[in-house]
>>> print(open('query-v7.cif').read())   # mmCIF, C-alpha atoms
data_final
#
loop_
_atom_site.group_PDB
_atom_site.id
_atom_site.type_symbol
_atom_site.label_atom_id
_atom_site.label_comp_id
_atom_site.auth_asym_id
_atom_site.auth_seq_id
_atom_site.Cartn_x
_atom_site.Cartn_y
_atom_site.Cartn_z
ATOM 1 C CA MET A 265 -64.130 58.910 111.286
ATOM 2 C CA ALA A 266 -66.646 59.756 114.034
ATOM 3 C CA TYR A 267 -68.524 57.021 115.822
ATOM 4 C CA ILE A 268 -71.804 56.891 117.653
ATOM 5 C CA ARG A 269 -72.355 53.829 119.812
ATOM 6 C CA LEU A 270 -75.793 53.162 121.207
ATOM 7 C CA HIS A 271 -75.999 50.904 124.260
ATOM 8 C CA SER A 272 -79.620 49.914 124.799
ATOM 9 C CA ARG A 273 -81.979 47.041 125.495
ATOM 10 C CA GLY A 274 -85.454 46.323 124.236
ATOM 11 C CA PHE A 275 -85.882 49.180 121.771
ATOM 12 C CA ASP A 276 -87.099 48.675 118.235
ATOM 13 C CA THR A 277 -85.101 49.538 115.131
ATOM 14 C CA LYS A 278 -86.980 52.771 114.422
ATOM 15 C CA PHE A 279 -86.240 54.070 117.924
ATOM 16 C CA LYS A 280 -82.550 53.218 117.546
ATOM 17 C CA LEU A 281 -82.458 54.817 114.123
ATOM 18 C CA ALA A 282 -84.016 58.005 115.513
ATOM 19 C CA MET A 283 -81.462 58.131 118.339
ATOM 20 C CA TYR A 284 -78.567 57.670 115.937
ATOM 21 C CA SER A 285 -79.968 60.207 113.469
ATOM 22 C CA MET A 286 -80.624 62.793 116.193
ATOM 23 C CA ALA A 287 -77.079 62.444 117.524
ATOM 24 C CA GLU A 288 -75.620 62.885 114.035
ATOM 25 C CA PHE A 289 -77.909 65.822 113.251
ATOM 26 C CA ALA A 290 -77.179 67.626 116.538
ATOM 27 C CA LEU A 291 -73.423 67.089 116.166
ATOM 28 C CA SER A 292 -73.539 68.485 112.620
ATOM 29 C CA GLN A 293 -75.408 71.578 113.833
ATOM 30 C CA MET A 294 -73.267 72.214 116.896
ATOM 31 C CA ILE A 295 -69.821 71.423 115.480
ATOM 32 C CA PRO A 296 -69.514 72.984 112.017
ATOM 33 C CA SER A 297 -66.116 71.471 111.196
ATOM 34 C CA LYS A 298 -66.566 68.082 109.532
ATOM 35 C CA LYS A 299 -62.873 67.379 110.140
ATOM 36 C CA LEU A 300 -63.400 67.902 113.866
ATOM 37 C CA ARG A 301 -66.662 65.906 113.931
ATOM 38 C CA ASP A 302 -64.933 63.025 112.186
ATOM 39 C CA ASN A 303 -62.660 62.652 115.223
ATOM 40 C CA ILE A 304 -65.408 62.474 117.823
ATOM 41 C CA GLU A 305 -66.731 59.342 119.490
ATOM 42 C CA VAL A 306 -70.010 59.397 121.425
ATOM 43 C CA ASN A 307 -71.226 56.476 123.527
ATOM 44 C CA ILE A 308 -74.933 56.789 124.338
ATOM 45 C CA HIS A 309 -76.221 54.646 127.205
ATOM 46 C CA LEU A 310 -79.922 54.245 127.962
ATOM 47 C CA LYS A 311 -80.056 53.130 131.586
ATOM 48 C CA HIS A 312 -80.957 54.129 135.149
ATOM 49 C CA HIS A 313 -79.116 57.230 136.354
ATOM 50 C CA SER A 314 -79.368 59.906 139.039
ATOM 51 C CA ASN A 315 -80.419 62.509 136.424
ATOM 52 C CA GLU A 316 -82.423 62.414 133.205
ATOM 53 C CA GLY A 317 -79.224 62.939 131.250
ATOM 54 C CA GLU A 318 -75.519 63.532 131.619
ATOM 55 C CA ALA A 319 -72.674 64.144 129.194
ATOM 56 C CA SER A 320 -69.155 63.475 130.389
ATOM 57 C CA LEU A 321 -65.727 62.669 129.073
ATOM 58 C CA ASP A 322 -64.935 59.018 128.492
ATOM 59 C CA GLU A 323 -62.465 57.765 131.075
ATOM 60 C CA GLU A 324 -59.727 57.122 128.510
ATOM 61 C CA THR A 325 -59.934 60.457 126.659
ATOM 62 C CA ASN A 326 -57.464 63.302 127.029
ATOM 63 C CA ARG A 327 -59.320 65.745 129.271
ATOM 64 C CA TYR A 328 -57.371 68.684 127.849
ATOM 65 C CA ARG A 329 -58.426 67.871 124.279
ATOM 66 C CA PRO A 330 -61.376 65.497 124.627
ATOM 67 C CA ARG A 331 -62.719 63.606 121.633
ATOM 68 C CA SER A 332 -64.496 60.671 123.283
ATOM 69 C CA PHE A 333 -67.683 61.163 125.306
ATOM 70 C CA LYS A 334 -70.263 59.264 127.296
ATOM 71 C CA ILE A 335 -73.916 60.309 127.346
ATOM 72 C CA ILE A 336 -76.259 58.645 129.815
ATOM 73 C CA LEU A 337 -79.994 58.996 129.277
ATOM 74 C CA ASP A 338 -82.315 57.668 131.960
ATOM 75 C CA HIS A 339 -85.336 56.824 129.836
ATOM 76 C CA HIS A 340 -87.076 55.426 132.932
ATOM 77 C CA ARG A 341 -87.099 58.856 134.630
ATOM 78 C CA MET A 342 -88.421 60.460 131.461
ATOM 79 C CA ARG A 343 -91.632 58.400 131.633
ATOM 80 C CA THR A 344 -92.974 60.883 134.197
ATOM 81 C CA ASN A 345 -93.331 64.624 133.675
ATOM 82 C CA GLU A 346 -91.303 66.277 136.475
ATOM 83 C CA MET A 347 -93.580 69.303 136.643
ATOM 84 C CA THR A 348 -96.981 67.570 136.760
ATOM 85 C CA GLY A 349 -96.106 64.084 137.990
ATOM 86 C CA GLU A 350 -98.205 62.650 135.169
ATOM 87 C CA GLU A 351 -97.040 59.756 133.063
ATOM 88 C CA ARG A 352 -96.111 60.754 129.520
ATOM 89 C CA THR A 353 -97.639 59.116 126.468
ATOM 90 C CA ASP A 354 -95.282 57.002 124.370
ATOM 91 C CA MET A 355 -94.848 59.856 121.872
ATOM 92 C CA GLU A 356 -94.211 62.453 124.605
ATOM 93 C CA TRP A 357 -91.684 60.091 126.197
ATOM 94 C CA PHE A 358 -89.934 59.514 122.867
ATOM 95 C CA VAL A 359 -89.742 63.269 122.171
ATOM 96 C CA GLU A 360 -88.386 63.896 125.688
ATOM 97 C CA ILE A 361 -85.606 61.355 125.100
ATOM 98 C CA LEU A 362 -84.653 63.023 121.802
ATOM 99 C CA LYS A 363 -84.761 66.486 123.408
ATOM 100 C CA THR A 364 -82.548 65.325 126.279
ATOM 101 C CA LEU A 365 -80.110 63.781 123.806
ATOM 102 C CA ALA A 366 -79.938 67.137 121.989
ATOM 103 C CA HIS A 367 -79.272 68.864 125.332
ATOM 104 C CA GLU A 368 -76.382 66.507 126.083
ATOM 105 C CA ILE A 369 -74.931 66.929 122.579
ATOM 106 C CA VAL A 370 -74.715 70.684 123.324
ATOM 107 C CA HIS A 371 -72.482 69.782 126.278
ATOM 108 C CA VAL A 372 -70.378 67.571 123.993
ATOM 109 C CA LYS A 373 -69.922 70.601 121.726
ATOM 110 C CA GLN A 374 -68.907 72.713 124.743
ATOM 111 C CA TYR A 375 -66.243 70.151 125.672
ATOM 112 C CA VAL A 376 -64.965 69.789 122.093
ATOM 113 C CA MET A 377 -64.722 73.542 121.532
ATOM 114 C CA GLY A 378 -62.885 74.032 124.845
ATOM 115 C CA GLU A 379 -65.684 76.073 126.416
ATOM 116 C CA LEU A 380 -66.464 73.505 129.121
ATOM 117 C CA LYS A 381 -63.560 71.724 130.778
ATOM 118 C CA SER A 382 -63.374 68.933 133.301
ATOM 119 C CA ARG A 383 -60.729 69.804 135.874
ATOM 120 C CA ASP A 384 -59.828 68.690 139.390
ATOM 121 C CA VAL A 385 -61.838 71.615 140.811
ATOM 122 C CA GLY A 386 -64.916 70.526 138.840
ATOM 123 C CA LEU A 387 -66.427 71.910 135.653
ATOM 124 C CA VAL A 388 -64.875 75.102 134.349
ATOM 125 C CA TYR A 389 -66.810 77.090 131.743
ATOM 126 C CA LYS A 390 -64.908 79.715 129.761
ATOM 127 C CA GLY A 391 -62.316 79.956 132.520
ATOM 128 C CA ILE A 392 -64.730 80.235 135.445
ATOM 129 C CA ASN A 393 -65.362 77.448 137.952
ATOM 130 C CA HIS A 394 -69.082 77.365 138.639
ATOM 131 C CA ASP A 395 -70.147 75.548 141.797
ATOM 132 C CA PRO A 396 -73.944 75.584 142.106
ATOM 133 C CA LYS A 397 -75.257 75.207 145.655
ATOM 134 C CA ASN A 398 -78.856 74.442 144.716
ATOM 135 C CA LEU A 399 -81.190 73.787 141.815
ATOM 136 C CA MET A 400 -81.817 77.496 141.166
ATOM 137 C CA GLU A 401 -78.084 78.112 140.769
ATOM 138 C CA TYR A 402 -77.849 75.059 138.496
ATOM 139 C CA TYR A 403 -80.358 76.584 136.061
ATOM 140 C CA GLU A 404 -78.330 79.825 136.049
ATOM 141 C CA LEU A 405 -75.125 78.088 134.917
ATOM 142 C CA PRO A 406 -74.150 79.572 131.542
ATOM 143 C CA TYR A 407 -73.451 76.163 130.014
ATOM 144 C CA GLU A 408 -76.883 74.918 131.109
ATOM 145 C CA ILE A 409 -78.577 78.062 129.768
ATOM 146 C CA GLU A 410 -77.025 77.327 126.368
ATOM 147 C CA ALA A 411 -77.972 73.638 126.497
ATOM 148 C CA TYR A 412 -81.577 74.304 127.540
ATOM 149 C CA GLY A 413 -81.822 77.072 124.967
ATOM 150 C CA ARG A 414 -80.563 74.915 122.096
ATOM 151 C CA GLU A 415 -82.311 71.618 122.894
ATOM 152 C CA LYS A 416 -85.704 72.556 121.435
ATOM 153 C CA GLY A 417 -84.217 74.184 118.344
ATOM 154 C CA LEU A 418 -82.173 71.047 117.674
ATOM 155 C CA LEU A 419 -85.231 68.875 118.256
ATOM 156 C CA TYR A 420 -87.388 70.918 115.870
ATOM 157 C CA GLY A 421 -84.625 71.070 113.276
ATOM 158 C CA PHE A 422 -84.201 67.317 113.501
ATOM 159 C CA ILE A 423 -87.914 66.679 113.083
ATOM 160 C CA LEU A 424 -88.115 69.039 110.109
ATOM 161 C CA PHE A 425 -84.827 68.323 108.328
ATOM 162 C CA GLY A 426 -82.968 65.392 109.846
ATOM 163 C CA TRP A 427 -85.536 62.684 110.413
ATOM 164 C CA VAL A 428 -84.629 59.399 108.740
ATOM 165 C CA GLU A 429 -87.404 56.837 108.591
ATOM 166 C CA ASP A 430 -86.027 54.378 106.078
ATOM 167 C CA GLU A 431 -84.036 51.502 107.528
ATOM 168 C CA ASP A 432 -82.161 51.339 104.204
ATOM 169 C CA ASP A 433 -80.384 54.550 105.270
ATOM 170 C CA LEU A 434 -78.758 52.743 108.196
ATOM 171 C CA PRO A 435 -75.037 52.032 108.008
ATOM 172 C CA GLU A 436 -74.254 48.562 106.697
ATOM 173 C CA ASN A 437 -72.891 47.366 110.032
ATOM 174 C CA PHE A 438 -76.048 48.228 111.984
ATOM 175 C CA ILE A 439 -77.010 45.189 114.054
ATOM 176 C CA ASP A 440 -80.646 44.889 115.065
ATOM 177 C CA GLU A 441 -80.451 42.722 118.166
ATOM 178 C CA ASP A 442 -81.214 43.443 121.809
ATOM 179 C CA GLU A 443 -78.262 44.434 123.990
ATOM 180 C CA VAL A 444 -75.513 44.634 121.475
ATOM 181 C CA GLU A 445 -73.156 47.511 121.207
ATOM 182 C CA TYR A 446 -74.413 49.460 118.208
ATOM 183 C CA PHE A 447 -71.385 50.720 116.393
ATOM 184 C CA TYR A 448 -72.087 53.358 113.772
ATOM 185 C CA PRO A 449 -69.454 54.940 111.610
ATOM 186 C CA VAL A 450 -70.887 58.335 110.887
ATOM 187 C CA LYS A 451 -70.487 58.487 107.138
ATOM 188 C CA ASN A 452 -73.717 57.384 105.477
ATOM 189 C CA LEU A 453 -75.985 59.914 107.162
ATOM 190 C CA THR A 454 -74.802 63.477 106.742
ATOM 191 C CA PHE A 455 -76.417 66.814 107.274
ATOM 192 C CA ASP A 456 -74.445 69.379 105.326
ATOM 193 C CA SER A 457 -76.597 72.465 105.711
ATOM 194 C CA LYS A 458 -77.289 74.449 108.842
ATOM 195 C CA VAL A 459 -80.912 74.774 109.881
#
>>> encode(input="query-v7.cif", output="structure tokens")
Amino acid sequence: MAYIRLHSRGFDTKFKLAMYSMAEFALSQMIPSKKLRDNIEVNIHLKHHSNEGEASLDEETNRYRPRSFKIILDHHRMRTNEMTGEERTDMEWFVEILKTLAHEIVHVKQYVMGELKSRDVGLVYKGINHDPKNLMEYYELPYEIEAYGREKGLLYGFILFGWVEDEDDLPENFIDEDEVEYFYPVKNLTFDSKV
């Protein structure tokens, strides 16, 4: 059974529900095998970080066949639009968080499918070690091109087909308290069809 754990403070139930639903939706779109998805664990942390988002292997997972992942989303950084320097509205900020989560789920898919590998030399994508020297080279990385290309499609698909607004659709063990580890068995919310 797959698990999504949300580590957050000070967010309301609807926000948490949207985060959980987006993660489940994106995983179902990116990893077609339910059997494989059922063996994946994703820990999502909303906290300060050096980037807006990062997906990595959990420390305890087998790096040659990873099934447990850590996603960090710096929701504080996302308050400001990088391009304009303007502060985002609450809705723009919320959408940016969901879009960044979708982006990081693409990286989870790349790890699960063996396309992206964490090795001693760094990240290896489809057998090639890419070592970007600057931001321009970073945006040319093939695994980033895929993630940036898929993030909006996953976001739009989620908004159109995967959005869950009813708290009754939450798993029974959902706990609505600040700073608790939200532990979701991914079984009650399923997205069977591809967008």
>>> closest_residue(input="query-v7.cif", among="A:Val370, A:Leu362, A:Leu310, A:Leu270", to="A:Ile295", atoms="only C-alpha atoms")
A:Val370
>>> closest_residue(input="query-v7.cif", among="A:Lys381, A:Arg352, A:Lys363, A:His340", to="A:Gly417", atoms="all atoms listed in the file")
A:Lys363
>>> residues_around(input="query-v7.cif", residues="stretch 317-326 of chain A", least_positions_apart="4", cutoff="12 Å", atoms="all atoms listed in the file", output="ChimeraX atom specification")
/A:303-313,330-342,360-376,380-383,386-387,408,411
>>> residues_around(input="query-v7.cif", residues="A:Thr353", least_positions_apart="4", cutoff="12 Å", atoms="all atoms listed in the file", output="PyMOL selection string")
chain A and resi 342-345+357-360
>>> closest_residue(input="query-v7.cif", among="A:Glu288, A:Lys397, A:Phe275, A:Thr348", to="A:Trp427", atoms="only C-alpha atoms")
A:Glu288
>>> atom_distance(input="query-v7.cif", atom1="atom CA of A:Gly391", atom2="atom CA of A:Gln293")
24.3 Å
